[in-house]
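Have a look at query11.txt; it's compact mmCIF, C-alpha atoms and all ligand atoms:
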# COMPACT_ATOMS: atom_id res chain seq x y z
CA MET A 1 4.37 9.75 -4.84
CA THR A 2 7.85 10.11 -3.43
CA LYS A 3 10.29 8.29 -5.64
CA ASP A 4 11.73 5.99 -3.01
CA TRP A 5 8.97 4.95 -0.72
CA ILE A 6 5.27 4.87 -0.34
CA THR A 7 2.98 6.36 2.31
CA ILE A 8 -0.17 4.88 3.77
CA GLU A 9 -2.10 7.99 2.65
CA GLN A 10 -1.21 7.34 -0.99
CA ILE A 11 -2.21 3.70 -0.71
CA LYS A 12 -5.56 4.64 0.84
CA GLU A 13 -6.23 7.23 -1.88
CA SER A 14 -5.66 4.60 -4.56
CA ALA A 15 -7.90 2.12 -2.74
CA GLN A 16 -10.63 4.73 -2.36
CA ALA A 17 -10.53 5.58 -6.06
CA ILE A 18 -10.98 1.89 -6.89
CA LEU A 19 -13.84 1.49 -4.40
CA THR A 20 -15.59 4.50 -5.93
CA GLN A 21 -15.69 2.67 -9.27
CA CYS A 22 -16.34 -0.82 -7.92
CA PRO A 23 -17.66 -1.53 -4.42
CA LEU A 24 -16.88 -5.27 -4.64
CA LYS A 25 -14.38 -6.26 -1.91
CA PRO A 26 -11.85 -8.57 -3.57
CA GLN A 27 -10.48 -11.51 -1.57
CA ILE A 28 -7.94 -12.64 -4.10
CA GLY A 29 -5.42 -10.64 -6.08
CA ILE A 30 -4.15 -12.02 -9.36
CA VAL A 31 -1.15 -10.64 -11.26
CA LEU A 32 -0.91 -11.66 -14.90
CA GLY A 33 2.55 -11.66 -16.45
CA SER A 34 3.75 -11.01 -20.00
CA GLY A 35 1.42 -12.43 -22.62
CA LEU A 36 -1.00 -13.83 -19.99
CA GLY A 37 -3.50 -10.95 -19.87
CA GLU A 38 -6.18 -12.94 -21.75
CA ILE A 39 -6.90 -14.86 -18.55
CA ALA A 40 -8.80 -11.81 -17.24
CA LYS A 41 -11.48 -12.37 -19.91
CA ALA A 42 -13.04 -15.06 -17.73
CA VAL A 43 -13.86 -12.55 -14.96
CA GLU A 44 -17.63 -12.16 -14.55
CA ASP A 45 -19.47 -8.91 -13.71
CA ALA A 46 -16.18 -7.22 -14.50
CA THR A 47 -15.35 -3.61 -13.78
CA THR A 48 -12.26 -2.54 -15.71
CA ILE A 49 -10.16 0.35 -14.45
CA PRO A 50 -7.11 1.53 -16.43
CA PHE A 51 -4.04 1.92 -14.19
CA LYS A 52 -3.73 5.52 -15.38
CA ASP A 53 -7.09 6.38 -13.78
CA ILE A 54 -5.97 5.33 -10.29
CA PRO A 55 -4.05 8.00 -8.35
CA HIS A 56 -0.43 7.08 -7.53
CA TRP A 57 -0.71 3.80 -9.46
CA PRO A 58 2.28 3.17 -11.75
CA VAL A 59 1.38 2.59 -15.40
CA SER A 60 2.90 -0.33 -17.33
CA THR A 61 4.72 0.53 -20.53
CA VAL A 62 5.64 -2.91 -21.86
CA PRO A 63 4.03 -4.50 -24.96
CA GLY A 64 1.97 -7.50 -23.79
CA HIS A 65 0.88 -5.73 -20.59
CA GLN A 66 -2.56 -4.12 -21.00
CA GLY A 67 -2.25 -1.96 -17.92
CA GLN A 68 -5.64 -2.27 -16.30
CA LEU A 69 -7.39 -3.70 -13.28
CA VAL A 70 -10.26 -6.10 -13.75
CA ILE A 71 -12.42 -6.56 -10.65
CA GLY A 72 -15.22 -9.10 -10.54
CA ARG A 73 -15.84 -12.79 -9.90
CA LEU A 74 -13.85 -15.83 -10.98
CA GLU A 75 -15.26 -19.20 -9.95
CA ASN A 76 -17.63 -17.11 -7.83
CA LEU A 77 -14.82 -15.64 -5.73
CA PRO A 78 -14.31 -11.86 -5.69
CA VAL A 79 -11.03 -11.17 -7.45
CA MET A 80 -8.92 -8.21 -8.47
CA VAL A 81 -6.85 -9.01 -11.54
CA MET A 82 -3.90 -6.97 -12.75
CA GLN A 83 -3.84 -7.30 -16.51
CA GLY A 84 -0.21 -6.37 -16.85
CA ARG A 85 2.26 -5.33 -14.20
CA ILE A 86 5.06 -2.87 -13.61
CA HIS A 87 8.74 -3.75 -13.77
CA TYR A 88 11.72 -2.06 -12.18
CA TYR A 89 13.43 -1.62 -15.57
CA GLU A 90 10.59 0.65 -16.72
CA GLY A 91 12.06 3.35 -14.48
CA TYR A 92 9.85 3.08 -11.43
CA SER A 93 11.26 2.69 -7.94
CA ILE A 94 11.21 -0.83 -6.58
CA ALA A 95 8.54 0.27 -4.06
CA GLN A 96 6.32 1.49 -6.90
CA VAL A 97 6.70 -1.89 -8.61
CA ALA A 98 5.10 -3.54 -5.57
CA TYR A 99 2.62 -0.70 -4.93
CA PRO A 100 -0.43 -2.53 -6.34
CA VAL A 101 0.02 -5.25 -3.71
CA ARG A 102 -0.23 -2.63 -0.96
CA VAL A 103 -3.48 -1.36 -2.44
CA MET A 104 -4.78 -4.94 -2.61
CA GLN A 105 -3.99 -5.31 1.10
CA VAL A 106 -5.98 -2.18 1.98
CA LEU A 107 -8.90 -3.44 -0.12
CA GLY A 108 -9.02 -6.63 1.95
CA VAL A 109 -7.23 -9.08 -0.35
CA LYS A 110 -5.93 -12.09 1.62
CA SER A 111 -4.35 -14.21 -1.11
CA LEU A 112 -2.18 -13.42 -4.10
CA ILE A 113 -1.88 -15.53 -7.23
CA ILE A 114 1.15 -14.25 -9.07
CA THR A 115 2.19 -15.33 -12.54
CA ASN A 116 5.05 -14.42 -14.80
CA ALA A 117 6.81 -15.29 -18.00
CA ALA A 118 10.20 -16.74 -17.21
CA GLY A 119 13.22 -18.12 -18.99
CA ALA A 120 14.20 -21.70 -18.27
CA VAL A 121 17.40 -22.12 -16.31
CA ASN A 122 16.73 -25.77 -15.62
CA PRO A 123 17.69 -27.52 -18.89
CA GLU A 124 14.77 -29.97 -18.47
CA PHE A 125 12.22 -27.17 -18.94
CA GLN A 126 10.68 -26.45 -22.35
CA PRO A 127 8.94 -23.32 -23.67
CA GLY A 128 5.22 -23.64 -22.93
CA ASP A 129 5.75 -25.51 -19.63
CA LEU A 130 4.41 -24.28 -16.30
CA MET A 131 6.44 -24.14 -13.09
CA LEU A 132 5.03 -23.97 -9.59
CA ILE A 133 7.26 -21.50 -7.75
CA THR A 134 8.32 -23.13 -4.49
CA ASP A 135 10.85 -20.46 -3.53
CA HIS A 136 12.68 -17.50 -5.00
CA LEU A 137 16.13 -16.00 -5.15
CA ASN A 138 15.90 -12.31 -4.29
CA LEU A 139 18.87 -11.17 -6.34
CA MET A 140 17.51 -7.62 -6.65
CA GLY A 141 17.17 -7.50 -2.86
CA MET A 142 20.70 -8.78 -2.40
CA ALA A 143 21.84 -5.89 -4.58
CA GLY A 144 20.00 -3.45 -2.29
CA LEU A 145 16.72 -3.10 -4.18
CA THR A 146 13.90 -3.83 -1.78
CA PRO A 147 10.37 -2.39 -1.75
CA LEU A 148 10.51 -2.41 2.07
CA ARG A 149 13.26 0.24 2.20
CA GLY A 150 12.26 3.35 4.12
CA PRO A 151 10.00 3.77 7.13
CA ASN A 152 8.30 0.49 7.97
CA LEU A 153 4.55 0.57 7.37
CA ASP A 154 3.58 -0.98 10.71
CA GLU A 155 -0.07 -1.20 9.60
CA PHE A 156 0.95 -4.01 7.25
CA GLY A 157 3.71 -5.93 8.97
CA PRO A 158 6.95 -5.98 10.93
CA ARG A 159 10.23 -4.27 10.08
CA PHE A 160 11.93 -7.63 9.53
CA PRO A 161 9.40 -9.94 7.89
CA ASP A 162 9.99 -13.68 7.75
CA MET A 163 10.40 -15.13 4.25
CA SER A 164 10.87 -18.80 5.18
CA GLN A 165 7.61 -19.79 3.47
CA ALA A 166 7.18 -17.06 0.88
CA TYR A 167 5.07 -19.41 -1.27
CA ASP A 168 2.25 -20.94 0.73
CA ARG A 169 2.69 -24.70 1.15
CA GLN A 170 -1.02 -25.48 1.30
CA TYR A 171 -1.63 -23.46 -1.85
CA ALA A 172 1.23 -25.30 -3.57
CA HIS A 173 -0.31 -28.61 -2.52
CA LEU A 174 -3.69 -27.52 -3.89
CA ALA A 175 -2.08 -26.42 -7.18
CA ARG A 176 -0.41 -29.83 -7.55
CA LEU A 177 -3.73 -31.60 -6.99
CA VAL A 178 -5.52 -29.40 -9.49
CA ALA A 179 -2.76 -29.80 -12.10
CA ALA A 180 -2.93 -33.59 -11.73
CA GLU A 181 -6.73 -33.56 -12.02
CA LEU A 182 -6.65 -31.41 -15.14
CA ASN A 183 -3.73 -33.23 -16.72
CA ILE A 184 -1.55 -30.14 -16.70
CA PHE A 185 2.13 -30.92 -16.34
CA LEU A 186 3.59 -28.75 -13.59
CA HIS A 187 7.31 -28.44 -12.90
CA GLU A 188 8.40 -27.06 -9.55
CA GLY A 189 11.32 -24.89 -8.72
CA THR A 190 13.05 -21.73 -7.63
CA TYR A 191 12.50 -18.46 -9.49
CA ALA A 192 15.39 -15.99 -9.67
CA GLY A 193 14.34 -12.34 -9.90
CA LEU A 194 16.64 -10.01 -11.85
CA ALA A 195 16.24 -6.35 -12.79
CA GLY A 196 16.51 -6.82 -16.57
CA PRO A 197 15.73 -5.61 -19.16
CA SER A 198 18.67 -7.27 -20.91
CA PHE A 199 18.36 -11.02 -20.98
CA GLU A 200 21.04 -13.11 -19.31
CA THR A 201 24.45 -13.92 -20.69
CA PRO A 202 25.43 -17.58 -20.78
CA ALA A 203 27.68 -16.88 -17.78
CA ASP A 204 24.74 -15.31 -15.89
CA LEU A 205 22.72 -18.45 -16.60
CA ARG A 206 25.48 -20.82 -15.49
CA PHE A 207 25.75 -18.77 -12.29
CA LEU A 208 21.96 -18.92 -11.75
CA ARG A 209 21.97 -22.67 -12.30
CA THR A 210 24.82 -23.09 -9.82
CA ILE A 211 23.01 -21.16 -7.10
CA GLY A 212 19.85 -23.22 -7.51
CA ALA A 213 17.59 -21.30 -9.89
CA ASP A 214 15.22 -23.19 -12.17
CA ALA A 215 13.66 -20.19 -13.90
CA VAL A 216 14.60 -16.53 -14.30
CA GLY A 217 12.55 -13.40 -14.82
CA MET A 218 12.29 -9.67 -14.20
CA SER A 219 9.38 -9.50 -11.77
CA THR A 220 7.47 -11.25 -8.98
CA VAL A 221 10.05 -11.06 -6.18
CA PRO A 222 9.30 -7.43 -5.14
CA GLU A 223 5.53 -8.09 -5.18
CA VAL A 224 5.89 -11.30 -3.16
CA THR A 225 8.13 -9.52 -0.64
CA VAL A 226 5.43 -6.90 -0.04
CA ALA A 227 2.70 -9.56 -0.08
CA ARG A 228 4.43 -11.51 2.67
CA HIS A 229 5.19 -8.37 4.66
CA GLY A 230 1.43 -7.78 4.74
CA GLY A 231 0.61 -11.42 5.52
CA LEU A 232 -0.89 -12.45 2.16
CA ARG A 233 -0.74 -16.11 1.22
CA VAL A 234 0.95 -16.52 -2.15
CA LEU A 235 0.64 -18.96 -5.03
CA GLY A 236 3.26 -18.36 -7.73
CA ILE A 237 3.30 -19.87 -11.22
CA SER A 238 5.84 -19.23 -13.96
CA GLY A 239 5.08 -19.81 -17.61
CA ILE A 240 8.33 -20.93 -19.24
CA SER A 241 8.68 -18.86 -22.38
CA ASN A 242 12.15 -19.69 -23.61
CA LYS A 243 14.95 -22.22 -23.26
CA ALA A 244 17.98 -21.78 -21.11
CA ASN A 245 20.62 -20.23 -23.30
CA LEU A 246 23.45 -21.81 -21.33
CA ASP A 247 25.67 -22.35 -24.37
CA GLY A 248 25.14 -18.91 -25.92
CA ASN A 249 23.82 -20.33 -29.19
CA THR A 250 20.18 -19.21 -28.82
CA ILE A 251 18.91 -15.67 -29.10
CA THR A 252 16.12 -14.64 -26.70
CA THR A 253 13.53 -12.02 -27.73
CA HIS A 254 10.45 -10.43 -26.15
CA GLU A 255 8.43 -11.57 -29.19
CA GLU A 256 9.34 -15.15 -28.33
CA VAL A 257 8.15 -14.54 -24.77
CA LEU A 258 4.79 -13.20 -26.02
CA GLU A 259 4.45 -16.05 -28.53
CA ALA A 260 4.97 -18.64 -25.79
CA GLY A 261 2.32 -16.80 -23.78
CA LYS A 262 -0.27 -18.02 -26.31
CA LEU A 263 0.64 -21.63 -25.43
CA ILE A 264 0.88 -20.95 -21.72
CA ALA A 265 -2.19 -18.74 -21.15
CA PRO A 266 -4.90 -21.42 -21.67
CA LYS A 267 -3.12 -23.85 -19.32
CA MET A 268 -2.50 -21.12 -16.77
CA ALA A 269 -6.17 -20.09 -16.95
CA LYS A 270 -7.31 -23.69 -16.37
CA LEU A 271 -4.93 -24.10 -13.44
CA ILE A 272 -5.99 -20.82 -11.81
CA GLY A 273 -9.66 -21.64 -12.39
CA GLY A 274 -9.28 -25.09 -10.84
CA PHE A 275 -7.32 -23.66 -7.92
CA LEU A 276 -10.03 -21.07 -7.21
CA GLN A 277 -12.74 -23.74 -7.44
CA ARG A 278 -10.92 -25.77 -4.79
CA LEU A 279 -10.37 -22.69 -2.67
CA ALA A 280 -14.05 -21.84 -2.84
CA SER A 281 -15.17 -25.34 -1.80
N1 LIG B 301 15.18 -14.01 -18.77
C1 LIG B 301 14.64 -13.08 -17.98
N2 LIG B 301 13.36 -12.79 -17.99
C2 LIG B 301 12.56 -13.45 -18.82
C3 LIG B 301 13.07 -14.44 -19.68
C4 LIG B 301 14.46 -14.73 -19.65
O1 LIG B 301 14.97 -15.59 -20.39
N3 LIG B 301 12.03 -14.93 -20.39
C5 LIG B 301 10.93 -14.25 -19.96
N4 LIG B 301 11.25 -13.36 -19.00

Please rewrite the model in this file as structure tokens.
Ligand code: HPA
Amino acid sequence: MTKDWITIEQIKESAQAILTQCPLKPQIGIVLGSGLGEIAKAVEDATTIPFKDIPHWPVSTVPGHQGQLVIGRLENLPVMVMQGRIHYYEGYSIAQVAYPVRVMQVLGVKSLIITNAAGAVNPEFQPGDLMLITDHLNLMGMAGLTPLRGPNLDEFGPRFPDMSQAYDRQYAHLARLVAAELNIFLHEGTYAGLAGPSFETPADLRFLRTIGADAVGMSTVPEVTVARHGGLRVLGISGISNKANLDGNTITTHEEVLEAGKLIAPKMAKLIGGFLQRLAS
């Protein structure tokens, strides 16, 4: 794989390698963030493929990210679940970070459910809460890091894709209904995507709050950019893993993020399950 951008041939080779191991055509892609990998256990008739066995596929190196694909059925819908994802700070190019979404598109995926662990920026949010992502701040993109850099892949979408409704409004509506039905409290807000891996300074967080962020993390935005370029409909959910450290008196650790994942994962699994049930009906 070239370091900076991706070719259609590479994407097709990855897709072919997956099809060789599992002929099921997934309709829905699911990306599980830090500490949320357990959710893949509910997949029925599962075929598990380690990322390292798929040509050109970047391999995740972060504790809490298993690094494998689970393909099968959830609520009777054919799904392709990423148990763990790749982050820019691991050393991959930003295009490689979003590469799995390209492969999903070639395999016929039409919808993406993307989750992450995020820090609260909104002071109302508590660790363990869920947030429906209604929009994002593409801070990496504003700094020049976009997975769409390089020759446009016309097979997927236009050179200048619209991002006015990055997170599908009907899906958001459905998620709200399901959350209410299942008694899951769901915040809503804007996710700010940063490169990491250092957590934010109090000044960073005050800045993020001022520009309208409710949660902050180190993922999601590149994948959603590529998803929208290729016309996928996106549902995004953040699991809030730690408090906003606006005053500088709280230390944030990855262990804390993983610990909160244990609280968040069962709720996230119920919400995704309910959402898929509604989608299927
Ligand atoms: N900041 C950035 N990314 C994160 C955080 C955070 O506080 N928590 C989990 N991912």

Two-atom distance - CA of Leu276 in chain A, CA of Leu177 in chain A (Å):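 Distance reported for this atom pair: 12.3 Å.
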
Dump as CSV the rows for residues of chain A within 6 Å of ligand LIG 301 (chain B): closest atom pair and distance in Å with one decimal, only C-alpha atoms and all ligand atoms counted, ordered by chain and rising residue number.
residue,atom,partner,partner_atom,distance
A:Ala117,CA,B:LIG301,C5,4.7
A:Ala118,CA,B:LIG301,C5,3.8
A:Gly119,CA,B:LIG301,O1,3.4
A:Phe199,CA,B:LIG301,N1,4.9
A:Glu200,CA,B:LIG301,N1,6.0
A:Val216,CA,B:LIG301,C1,5.0
A:Gly217,CA,B:LIG301,N2,3.3
A:Met218,CA,B:LIG301,N2,5.0
A:Ser241,CA,B:LIG301,N3,5.5
A:Asn242,CA,B:LIG301,N3,5.7
A:Val257,CA,B:LIG301,C5,5.6

Writing out the chosen residues with C-alpha atoms as an mmCIF file, in the frame of the given file:
data_model
loop_
_atom_site.group_PDB
_atom_site.id
_atom_site.type_symbol
_atom_site.label_atom_id
_atom_site.label_comp_id
_atom_site.auth_asym_id
_atom_site.auth_seq_id
_atom_site.Cartn_x
_atom_site.Cartn_y
_atom_site.Cartn_z
ATOM 1 C CA ALA A 117 6.810 -15.290 -18.000
ATOM 2 C CA ALA A 118 10.200 -16.740 -17.210
ATOM 3 C CA GLY A 119 13.220 -18.120 -18.990
ATOM 4 C CA PHE A 199 18.360 -11.020 -20.980
ATOM 5 C CA GLU A 200 21.040 -13.110 -19.310
ATOM 6 C CA VAL A 216 14.600 -16.530 -14.300
ATOM 7 C CA GLY A 217 12.550 -13.400 -14.820
ATOM 8 C CA MET A 218 12.290 -9.670 -14.200
ATOM 9 C CA SER A 241 8.680 -18.860 -22.380
ATOM 10 C CA ASN A 242 12.150 -19.690 -23.610
ATOM 11 C CA VAL A 257 8.150 -14.540 -24.770
#

Which of A:Gly150, A:Pro100, A:Gln21, A:Ala46 sits closest to Val59 in chain A [using all atoms listed in the file]: A:Pro100

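Pairwise distance (CA of Thr7 in chain A, CA of Gly231 in chain A) equals 18.2 Å.
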
Ala260 in chain A surroundings by only C-alpha atoms, 10 Å radius, close-in-sequence under 5 positions cut, as a list of chain:residue names: A:Ser34, A:Gly35, A:Leu36, A:Ala117, A:Pro127, A:Gly128, A:Asp129, A:Gly239, A:Ile240, A:Ser241, A:Asn242, A:His254, A:Glu255, A:Ala265

Next, the residues of the selection above should be written as a tab-separated table (two decimals), keeping the file's coordinate frame with C-alpha atoms.
chain	number	residue	atom	x	y	z
A	34	SER	CA	3.75	-11.01	-20.00
A	35	GLY	CA	1.42	-12.43	-22.62
A	36	LEU	CA	-1.00	-13.83	-19.99
A	117	ALA	CA	6.81	-15.29	-18.00
A	127	PRO	CA	8.94	-23.32	-23.67
A	128	GLY	CA	5.22	-23.64	-22.93
A	129	ASP	CA	5.75	-25.51	-19.63
A	239	GLY	CA	5.08	-19.81	-17.61
A	240	ILE	CA	8.33	-20.93	-19.24
A	241	SER	CA	8.68	-18.86	-22.38
A	242	ASN	CA	12.15	-19.69	-23.61
A	254	HIS	CA	10.45	-10.43	-26.15
A	255	GLU	CA	8.43	-11.57	-29.19
A	265	ALA	CA	-2.19	-18.74	-21.15

Option closest in space to Gly230 in chain A, from A:Ala195, A:Met142, A:Leu112, A:Cys22 [counting all atoms listed in the file]: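 Between A:Ala195, A:Met142, A:Leu112, A:Cys22, the residue approaching Gly230 in chain A most closely is A:Leu112.
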
Shell of 10 Å around range 66-78 of chain A, all atoms listed in the file, local chain residues under 6 positions omitted, as a ChimeraX atom specification: /A:18,21-32,34-38,40-54,58-60,84-86,100,109,272-280
